[in-house]
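Okay, my_file-v9.cif is below, mmCIF, C-alpha atoms:
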data_model
#
loop_
_atom_site.label_atom_id
_atom_site.label_comp_id
_atom_site.auth_asym_id
_atom_site.auth_seq_id
_atom_site.Cartn_x
_atom_site.Cartn_y
_atom_site.Cartn_z
CA MET A 1 42.06 5.83 21.90
CA VAL A 2 41.52 2.05 21.61
CA ALA A 3 44.76 0.06 21.50
CA CYS A 4 44.85 -2.90 19.13
CA SER A 5 47.42 -5.65 19.45
CA GLN A 6 46.36 -7.38 16.21
CA ASP A 7 44.99 -6.23 12.85
CA LYS A 8 41.67 -8.07 13.16
CA PRO A 9 40.45 -6.28 16.32
CA CYS A 10 41.38 -2.96 14.72
CA GLN A 11 39.37 -3.83 11.62
CA THR A 12 36.44 -4.87 13.80
CA ASN A 13 36.51 -1.57 15.70
CA MET A 14 36.72 0.35 12.44
CA LEU A 15 33.75 -1.57 11.01
CA ALA A 16 31.72 -0.82 14.13
CA LEU A 17 32.53 2.90 13.82
CA VAL A 18 31.51 2.87 10.16
CA LEU A 19 28.21 1.16 10.98
CA ILE A 20 27.50 3.66 13.77
CA PHE A 21 28.27 6.51 11.37
CA LEU A 22 25.98 5.08 8.68
CA VAL A 23 23.09 4.53 11.11
CA THR A 24 23.50 8.06 12.49
CA ALA A 25 23.66 9.54 8.99
CA ALA A 26 20.54 7.63 7.94
CA PHE A 27 18.73 8.91 11.01
CA LEU A 28 19.71 12.52 10.35
CA LEU A 29 18.81 12.28 6.67
CA SER A 30 15.44 10.82 7.60
CA MET A 31 14.74 13.67 9.98
CA PHE A 32 15.67 16.51 7.67
CA SER A 33 14.63 17.26 4.13
CA PHE A 34 16.90 19.36 1.97
CA SER A 35 14.34 19.89 -0.77
CA SER A 36 11.70 22.58 -0.64
CA LYS A 37 8.24 21.40 0.38
CA TRP A 38 5.35 21.54 -2.03
CA SER A 39 3.03 24.44 -1.22
CA PRO A 40 -0.64 24.70 -2.25
CA ASN A 41 -0.53 28.51 -2.12
CA GLY A 42 -1.55 29.82 -5.52
CA LYS A 43 -1.95 26.29 -6.90
CA HIS A 44 -5.14 24.90 -8.44
CA CYS A 45 -6.34 21.87 -6.48
CA TYR A 46 -9.16 19.66 -7.78
CA ILE A 47 -10.96 17.49 -5.21
CA THR A 48 -13.40 14.71 -6.03
CA GLY A 49 -15.90 13.90 -3.29
CA GLY A 50 -15.42 17.48 -2.16
CA SER A 51 -18.91 18.12 -0.80
CA SER A 52 -18.57 16.21 2.49
CA GLY A 53 -16.26 14.28 4.80
CA LEU A 54 -12.55 14.19 4.02
CA GLY A 55 -12.98 15.88 0.64
CA LYS A 56 -14.73 18.92 2.12
CA ALA A 57 -12.27 19.15 5.02
CA LEU A 58 -9.38 19.06 2.57
CA ALA A 59 -11.04 21.70 0.37
CA ILE A 60 -11.40 23.99 3.39
CA LEU A 61 -7.78 23.42 4.42
CA LEU A 62 -6.43 24.09 0.93
CA THR A 63 -8.54 27.25 0.65
CA GLN A 64 -7.08 28.42 3.95
CA LYS A 65 -3.62 27.76 2.49
CA GLY A 66 -4.33 30.09 -0.44
CA ALA A 67 -5.11 27.52 -3.15
CA HIS A 68 -7.60 27.81 -5.98
CA VAL A 69 -10.04 24.99 -5.22
CA SER A 70 -12.45 23.09 -7.45
CA ILE A 71 -14.72 20.46 -5.91
CA VAL A 72 -16.87 17.86 -7.64
CA ALA A 73 -19.64 15.61 -6.29
CA ARG A 74 -23.08 14.44 -7.33
CA ASP A 75 -25.34 16.28 -4.86
CA GLU A 76 -25.76 19.90 -5.98
CA GLN A 77 -27.23 21.02 -2.66
CA LYS A 78 -24.26 19.65 -0.72
CA LEU A 79 -21.91 21.26 -3.23
CA ARG A 80 -23.53 24.68 -2.71
CA SER A 81 -23.27 24.29 1.05
CA ALA A 82 -19.61 23.24 0.82
CA LEU A 83 -18.81 26.14 -1.50
CA ASP A 84 -20.34 28.55 1.02
CA GLU A 85 -17.94 27.16 3.64
CA LEU A 86 -15.00 27.66 1.32
CA GLU A 87 -16.00 31.27 0.72
CA LYS A 88 -15.88 31.90 4.47
CA VAL A 89 -12.19 30.97 4.64
CA ARG A 90 -11.11 32.60 1.38
CA GLN A 91 -7.68 34.21 1.77
CA SER A 92 -7.80 36.63 -1.16
CA PRO A 93 -10.28 37.97 -3.75
CA SER A 94 -8.21 36.38 -6.52
CA GLN A 95 -8.79 32.82 -5.35
CA LYS A 96 -11.01 30.80 -7.69
CA LEU A 97 -13.45 28.59 -5.78
CA ASN A 98 -15.76 26.47 -7.94
CA SER A 99 -18.03 23.44 -7.64
CA TYR A 100 -19.22 20.96 -10.28
CA SER A 101 -21.93 18.31 -10.21
CA TYR A 102 -20.85 15.09 -11.93
CA SER A 103 -21.08 11.37 -11.28
CA ILE A 104 -17.46 10.36 -11.85
CA ASN A 105 -17.51 6.58 -11.42
CA GLU A 106 -17.30 6.12 -15.21
CA ALA A 107 -14.62 7.29 -17.64
CA GLY A 108 -16.85 9.58 -19.75
CA PRO A 109 -18.32 11.75 -16.98
CA ALA A 110 -14.97 11.77 -15.15
CA ALA A 111 -13.25 13.18 -18.23
CA ASP A 112 -16.08 15.69 -18.74
CA ALA A 113 -15.74 16.88 -15.14
CA LEU A 114 -12.00 17.37 -15.52
CA GLU A 115 -12.54 19.26 -18.77
CA ALA A 116 -14.99 21.63 -17.07
CA VAL A 117 -12.57 22.21 -14.19
CA CYS A 118 -9.72 22.98 -16.60
CA ALA A 119 -11.89 25.30 -18.72
CA ALA A 120 -12.41 27.62 -15.73
CA HIS A 121 -8.62 28.03 -15.58
CA GLY A 122 -7.96 28.76 -19.22
CA GLY A 123 -7.66 25.09 -20.13
CA ARG A 124 -4.78 24.55 -17.68
CA CYS A 125 -4.72 21.26 -15.79
CA PRO A 126 -5.01 21.38 -11.97
CA ASP A 127 -1.66 21.34 -10.16
CA ALA A 128 -2.92 18.64 -7.82
CA ILE A 129 -5.83 16.24 -8.14
CA PHE A 130 -7.06 14.81 -4.84
CA LEU A 131 -9.26 11.75 -5.31
CA CYS A 132 -11.43 11.53 -2.18
CA ALA A 133 -14.67 10.12 -3.62
CA GLY A 134 -15.88 6.68 -2.56
CA THR A 135 -18.42 4.84 -0.43
CA SER A 136 -18.64 1.59 1.51
CA THR A 137 -21.59 -0.76 2.02
CA PRO A 138 -20.40 -3.46 4.44
CA GLY A 139 -22.01 -6.88 4.62
CA PHE A 140 -21.35 -10.63 4.63
CA PHE A 141 -19.87 -12.12 1.46
CA VAL A 142 -22.45 -14.93 1.37
CA GLU A 143 -25.19 -12.30 1.09
CA GLU A 144 -23.50 -10.45 -1.77
CA SER A 145 -24.47 -10.76 -5.44
CA GLU A 146 -22.47 -10.19 -8.59
CA ALA A 147 -24.21 -6.83 -8.93
CA SER A 148 -23.34 -5.71 -5.40
CA GLN A 149 -19.72 -6.83 -5.79
CA ARG A 150 -19.38 -4.91 -9.06
CA LYS A 151 -21.01 -1.88 -7.44
CA GLY A 152 -18.51 -2.15 -4.60
CA MET A 153 -15.59 -2.04 -7.06
CA GLU A 154 -17.21 0.86 -8.87
CA MET A 155 -17.56 2.96 -5.71
CA ALA A 156 -14.22 2.00 -4.16
CA TYR A 157 -11.96 1.79 -7.23
CA TRP A 158 -13.43 3.17 -10.45
CA VAL A 159 -14.74 6.32 -8.80
CA GLN A 160 -11.08 7.33 -8.42
CA ALA A 161 -9.39 5.39 -11.22
CA SER A 162 -11.58 7.01 -13.91
CA THR A 163 -10.46 10.51 -12.95
CA ALA A 164 -6.84 9.37 -12.58
CA LEU A 165 -6.94 8.03 -16.14
CA ALA A 166 -8.30 11.29 -17.54
CA ALA A 167 -5.83 13.32 -15.47
CA ALA A 168 -2.78 11.28 -16.48
CA LYS A 169 -3.67 11.54 -20.17
CA ARG A 170 -4.12 15.30 -19.94
CA MET A 171 -0.96 15.91 -17.91
CA VAL A 172 1.17 13.88 -20.32
CA ARG A 173 -0.28 15.53 -23.43
CA ASP A 174 0.20 18.98 -21.89
CA ARG A 175 3.69 18.07 -20.59
CA PHE A 176 2.39 19.16 -17.19
CA ALA A 177 4.16 18.03 -14.00
CA GLY A 178 1.20 17.79 -11.63
CA LYS A 179 0.20 15.53 -8.76
CA ILE A 180 -2.36 12.71 -8.52
CA VAL A 181 -3.36 11.79 -4.97
CA PHE A 182 -5.45 8.68 -4.28
CA THR A 183 -7.42 7.85 -1.13
CA SER A 184 -7.34 4.17 -0.28
CA SER A 185 -8.07 2.96 3.25
CA PHE A 186 -6.53 1.15 6.18
CA LEU A 187 -8.44 -1.72 4.56
CA GLY A 188 -6.17 -1.38 1.53
CA TYR A 189 -3.37 -2.90 3.63
CA MET A 190 -5.41 -5.71 5.18
CA SER A 191 -9.05 -6.60 5.71
CA PHE A 192 -11.47 -8.52 7.88
CA ILE A 193 -15.04 -9.72 8.02
CA GLY A 194 -17.69 -7.41 6.53
CA TYR A 195 -15.68 -5.63 3.85
CA SER A 196 -15.77 -8.05 0.90
CA SER A 197 -17.36 -5.46 -1.41
CA TYR A 198 -15.10 -2.58 -0.33
CA SER A 199 -11.61 -3.77 0.56
CA PRO A 200 -10.82 -5.33 -2.86
CA GLY A 201 -11.26 -1.94 -4.53
CA LYS A 202 -9.02 -0.26 -1.97
CA HIS A 203 -6.33 -2.89 -2.50
CA ALA A 204 -6.71 -2.29 -6.24
CA LEU A 205 -6.12 1.43 -5.72
CA ARG A 206 -2.84 0.60 -4.03
CA GLY A 207 -1.86 -1.53 -7.03
CA LEU A 208 -2.74 1.29 -9.41
CA ALA A 209 -0.86 3.90 -7.37
CA GLU A 210 2.22 1.65 -7.12
CA THR A 211 2.20 1.23 -10.90
CA LEU A 212 1.64 4.92 -11.63
CA ARG A 213 4.31 6.05 -9.17
CA SER A 214 6.75 4.09 -11.31
CA GLU A 215 5.33 4.85 -14.75
CA LEU A 216 4.64 8.55 -14.30
CA ILE A 217 8.26 9.20 -13.31
CA LEU A 218 8.67 9.35 -17.10
CA TYR A 219 6.68 12.60 -17.10
CA ASN A 220 7.71 14.05 -13.71
CA ILE A 221 4.15 13.55 -12.39
CA GLY A 222 3.92 12.92 -8.64
CA VAL A 223 1.73 10.17 -7.19
CA HIS A 224 0.64 9.78 -3.56
CA ILE A 225 -1.88 7.54 -1.80
CA LEU A 226 -3.55 7.94 1.60
CA PHE A 227 -4.51 4.99 3.83
CA PRO A 228 -6.80 6.45 6.54
CA GLY A 229 -8.51 4.52 9.30
CA THR A 230 -12.00 5.37 10.53
CA ILE A 231 -13.06 8.89 9.63
CA TYR A 232 -16.07 10.27 11.48
CA SER A 233 -17.89 11.54 8.42
CA PRO A 234 -21.41 11.28 6.92
CA GLY A 235 -20.15 8.29 4.93
CA TYR A 236 -19.20 6.52 8.15
CA VAL A 237 -22.72 7.03 9.50
CA GLU A 238 -24.18 5.53 6.32
CA GLU A 239 -21.90 2.49 6.25
CA ASN A 240 -22.77 1.65 9.85
CA LYS A 241 -26.39 1.15 8.77
CA THR A 242 -25.46 -2.07 6.93
CA LYS A 243 -22.36 -3.04 8.91
CA PRO A 244 -22.58 -6.51 10.52
CA LYS A 245 -22.61 -6.68 14.32
CA ILE A 246 -19.38 -8.66 14.36
CA THR A 247 -17.65 -5.94 12.31
CA LEU A 248 -18.89 -3.29 14.72
CA LYS A 249 -17.59 -5.44 17.59
CA ILE A 250 -14.11 -5.65 16.08
CA GLU A 251 -14.08 -1.90 15.48
CA GLU A 252 -15.43 -0.86 18.88
CA THR A 253 -11.97 0.03 20.23
CA ASP A 254 -11.00 1.91 17.07
CA GLU A 255 -10.24 5.53 17.83
CA GLY A 256 -11.35 7.24 14.65
CA LEU A 257 -10.37 10.71 13.51
CA GLN A 258 -12.29 13.78 12.44
CA PRO A 259 -12.06 14.68 8.72
CA ASP A 260 -10.02 17.83 9.35
CA VAL A 261 -7.34 15.87 11.22
CA VAL A 262 -7.03 13.38 8.35
CA ALA A 263 -6.96 16.24 5.82
CA GLU A 264 -4.03 17.79 7.67
CA ALA A 265 -2.18 14.46 7.70
CA LEU A 266 -2.82 14.05 3.97
CA LEU A 267 -1.56 17.51 3.08
CA ARG A 268 1.46 17.09 5.34
CA GLY A 269 2.33 13.82 3.62
CA VAL A 270 2.03 15.36 0.16
CA GLN A 271 4.14 18.33 1.19
CA ASN A 272 6.81 16.00 2.56
CA GLY A 273 6.82 14.03 -0.69
CA ASN A 274 5.62 10.80 0.95
CA PHE A 275 4.19 8.18 -1.39
CA HIS A 276 2.21 6.11 1.15
CA ILE A 277 0.54 8.40 3.69
CA SER A 278 -0.95 7.22 7.00
CA SER A 279 -2.88 9.33 9.46
CA ASP A 280 -2.47 7.32 12.68
CA LEU A 281 -0.25 4.85 14.52
CA LEU A 282 -2.02 1.66 13.40
CA GLY A 283 -1.89 2.80 9.80
CA ASN A 284 1.85 3.39 10.09
CA LEU A 285 2.35 -0.07 11.58
CA PHE A 286 0.60 -1.72 8.64
CA ARG A 287 2.30 0.61 6.16
CA SER A 288 5.78 -0.28 7.37
CA SER A 289 4.96 -3.97 7.79
CA THR A 290 3.57 -4.33 4.24
CA ARG A 291 5.84 -1.80 2.54
CA GLY A 292 7.40 -4.06 -0.09
CA ALA A 293 9.40 -1.86 -2.46
CA THR A 294 7.51 1.30 -1.46
CA PRO A 295 9.84 4.21 -0.59
CA HIS A 296 10.42 4.94 3.08
CA ASN A 297 8.76 7.99 4.62
CA ASN A 298 11.33 8.12 7.41
CA VAL A 299 14.04 5.45 7.58
CA PHE A 300 14.39 5.60 11.36
CA MET A 301 10.70 5.74 12.26
CA ASP A 302 9.73 3.15 9.65
CA GLY A 303 12.20 0.76 11.26
CA ILE A 304 10.54 1.28 14.63
CA TYR A 305 7.06 0.85 13.12
CA SER A 306 8.16 -2.38 11.42
CA LEU A 307 9.48 -3.79 14.69
CA LEU A 308 6.31 -2.85 16.57
CA GLY A 309 4.20 -4.33 13.79
CA TRP A 310 6.20 -7.57 13.75
CA ILE A 311 5.39 -7.97 17.45
CA GLY A 312 1.92 -6.48 17.73
CA LEU A 313 0.05 -7.24 14.51
CA PRO A 314 0.02 -11.06 14.91
CA LEU A 315 -1.44 -10.55 18.39
CA TRP A 316 -4.07 -8.19 16.98
CA ARG A 317 -4.98 -10.70 14.24
CA ARG A 318 -5.34 -13.55 16.73
CA GLY A 319 -7.66 -11.41 18.83
CA VAL A 320 -9.81 -10.65 15.78
CA ASP A 321 -9.96 -14.33 14.79
CA ARG A 322 -10.96 -15.30 18.31
CA THR A 323 -13.75 -12.71 18.32
CA ILE A 324 -15.08 -14.08 15.01
CA VAL A 325 -15.03 -17.70 16.26
CA GLU A 326 -17.02 -16.65 19.33
CA HIS A 327 -19.61 -15.11 16.99
CA ARG A 328 -20.34 -18.35 15.07
CA ALA A 329 -23.51 -19.34 16.89
CA GLU A 330 -25.01 -15.86 16.68
CA HIS A 331 -24.10 -15.65 13.00
CA GLU A 332 -25.76 -18.98 12.23
CA ALA A 333 -28.93 -17.78 13.94
CA TYR A 334 -28.76 -14.61 11.83
CA LEU A 335 -28.52 -16.61 8.58
CA VAL A 336 -31.42 -18.83 9.66
CA ASP A 337 -33.50 -15.75 10.39
CA LYS A 338 -32.62 -14.34 6.96
CA GLY A 339 -33.67 -17.59 5.29
CA PHE A 340 -30.18 -18.32 4.00
CA LEU A 341 -29.88 -21.43 6.19
CA GLU A 342 -32.49 -23.94 7.28
CA LYS A 343 -32.96 -24.35 11.00
CA LYS A 344 -31.37 -27.52 12.37
#

Would you kindly transcribe this structure into structure tokens?
Amino acid sequence: MVACSQDKPCQTNMLALVLIFLVTAAFLLSMFSFSSKWSPNGKHCYITGGSSGLGKALAILLTQKGAHVSIVARDEQKLRSALDELEKVRQSPSQKLNSYSYSINEAGPAADALEAVCAAHGGRCPDAIFLCAGTSTPGFFVEESEASQRKGMEMAYWVQASTALAAAKRMVRDRFAGKIVFTSSFLGYMSFIGYSSYSPGKHALRGLAETLRSELILYNIGVHILFPGTIYSPGYVEENKTKPKITLKIEETDEGLQPDVVAEALLRGVQNGNFHISSDLLGNLFRSSTRGATPHNNVFMDGIYSLLGWIGLPLWRRGVDRTIVEHRAEHEAYLVDKGFLEKK
């Protein structure tokens, strides 16, 4: 027992004990959840971009978990192949596994696709809508056009926002408490050279998700958003075909993840009720460092991530800037070769 000769030291000791208790309680509360986790078993899950990459991996995982799965994409051949893979991991004869061919980057077709998906389930809205569609075409901003910039926003933002709009309208009208899950990118937290046509759309998705998380509380509709880093998918192979050399240089130490690993991280985040979901350490550092008013995932771990980010991210940024400066001469030669600049 601590002896106190004056009131002030006693008050100080008591305050210290209270603070220790509060920190310990926050830690324990962050480690344990007293609410039941969301389960996909028996639920209807609708996945856009479900024919390849993350979307297909997630469709397979949800099928394995006993969900009814509907996938949509443009390429009918890829859809048939993906559906064959889902059939191989079917858990029961009663599971409904369907595919639909739509281009969903505009409001009309996106709404039509959702209507078709609902019709196969007696008009009932999907329990969870996972928005995984999107593509990236990296390049230098000075080589972009208005058309390419608008296309970038279409394939990074509208390809998900259009379905989210149709889904929100339907859920509200049906008084249906479902989930809408966006897929942004690590580049929705920050960005660097080469992603001028892609990163703005991913930042916009964050803005939309932040707004809808707040607004859709009115209707008990859950909103989540994933911020993955590099995913080794067919889309990654395609984007590397136009990716500038300096962008490839910056990314050369990036340890990407396979689609199934990211799919597991996404589902785990949704089940835990996380709003912002990251699939790797770097993503968690940026998530915690740019959190704003976003709810914590884990009070204790988010504090650690924030501290690490406060120390490490400025060093990372300086390294990136230095790499870009060293690339100036090579870049100028590239622009001369392309005819953008005249040779000195």

Residue IDs satisfying the PyMOL selection byres ((chain A and resi 305-317) around 10), as a short mmCIF file (atom, residue, chain, number, x, y, z; two decimals) with C-alpha atoms, keeping the file's coordinate frame:
data_model
loop_
_atom_site.label_atom_id
_atom_site.label_comp_id
_atom_site.auth_asym_id
_atom_site.auth_seq_id
_atom_site.Cartn_x
_atom_site.Cartn_y
_atom_site.Cartn_z
CA PHE A 192 -11.47 -8.52 7.88
CA LEU A 281 -0.25 4.85 14.52
CA LEU A 282 -2.02 1.66 13.40
CA GLY A 283 -1.89 2.80 9.80
CA ASN A 284 1.85 3.39 10.09
CA LEU A 285 2.35 -0.07 11.58
CA PHE A 286 0.60 -1.72 8.64
CA ARG A 287 2.30 0.61 6.16
CA SER A 288 5.78 -0.28 7.37
CA SER A 289 4.96 -3.97 7.79
CA THR A 290 3.57 -4.33 4.24
CA ARG A 291 5.84 -1.80 2.54
CA PHE A 300 14.39 5.60 11.36
CA MET A 301 10.70 5.74 12.26
CA ASP A 302 9.73 3.15 9.65
CA GLY A 303 12.20 0.76 11.26
CA ILE A 304 10.54 1.28 14.63
CA ARG A 318 -5.34 -13.55 16.73
CA GLY A 319 -7.66 -11.41 18.83
CA VAL A 320 -9.81 -10.65 15.78
CA ASP A 321 -9.96 -14.33 14.79
CA ARG A 322 -10.96 -15.30 18.31
CA THR A 323 -13.75 -12.71 18.32
#

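For Gly194 (chain A), the list of residues within 12 Å, based on all atoms listed in the file and with local chain neighbours fewer than 3 positions off taken out, reads Ser136, Thr137, Pro138, Gly139, Phe140, Phe141, Val142, Glu143, Glu144, Leu187, Ser191, Ser197, Tyr198, Ser199, Pro200, Glu239, Asn240, Thr242, Lys243, Pro244, Lys245, Ile246, Thr247, Leu248, Lys249, Ile250, Glu251 and Ile324 of chain A.
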
Tell me which residues the PyMOL selection byres ((chain A and resi 261) around 10) grabs here, as number ranges by chain. A: 54, 57-58, 231, 257-260, 262-266, 279-280

Picked residues, the PyMOL selection byres ((chain A and resi 42) around 7), as a PyMOL selection string: chain A and resi 40-41+43-44+66-68

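In this model, the gap between CA of Gly229 (chain A) and CA of Phe186 (chain A) comes to 5.0 Å.
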
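Atom pair CA of Lys96 (chain A) / CA of Pro234 (chain A) has a distance of 26.5 Å (rounded to one decimal).
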
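The space separating CA of Asn272 (chain A) from CA of Leu165 (chain A) comes to 24.5 Å.
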
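Distances here use all atoms listed in the file; by that measure, the residue among A:Phe130, A:Val172, A:Ser148, A:Ser162 closest to Leu226 (chain A) is A:Phe130.
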
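Each of A:Gly49, A:Gly123, A:Gly256, A:Gly222 was compared to Tyr236 (chain A) using all atoms listed in the file, and A:Gly256 turns out to be the nearest.
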
Could you tell me which of A:Glu215, A:Asp127, A:Glu210, A:Glu255 comes closest to Tyr232 (chain A) if we count all atoms listed in the file? A:Glu255

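Near (-11.0, 3.9, 0.4), the residues inside the 8 Å limit, counting only C-alpha atoms, come to Gly134, Thr135, Ala156, Tyr157, Thr183, Ser184, Ser185, Phe186, Leu187, Gly188, Tyr198, Ser199, Gly201, Lys202, Phe227 and Pro228 of chain A.
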
Per-axis box centre and lengths in Å around region 293-306 of chain A, 5 Å margin per side, axis-aligned, as AutoDock Vina command-line options:
--center_x 10.7 --center_y 2.9 --center_z 6.1 --size_x 17.3 --size_y 20.5 --size_z 27.1

Which residues, protein or nucleic acid, reach to within 12 Å of (-22.7, 23.4, -0.1) in the file's coordinates when using only C-alpha atoms, and can you give that as an MDAnalysis selection string? chainID A and resid 50:52 56 59:60 71:88 98:101

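Between Phe176 (chain A) and the candidates A:Arg268, A:Arg213, A:Arg124, A:Lys65, the tightest atom-to-atom separation, counting all atoms listed in the file, involves A:Arg124.
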
Shortest contact to Thr211 (chain A), candidates A:Trp158, A:Tyr189, A:Phe275, A:Tyr334, atoms counted all atoms listed in the file, goes to A:Phe275

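Among A:Leu131, A:Pro109, A:Ser145, A:Leu218, the residue with the shortest atom-to-atom distance to Phe182 (chain A), counting only C-alpha atoms, is A:Leu131.
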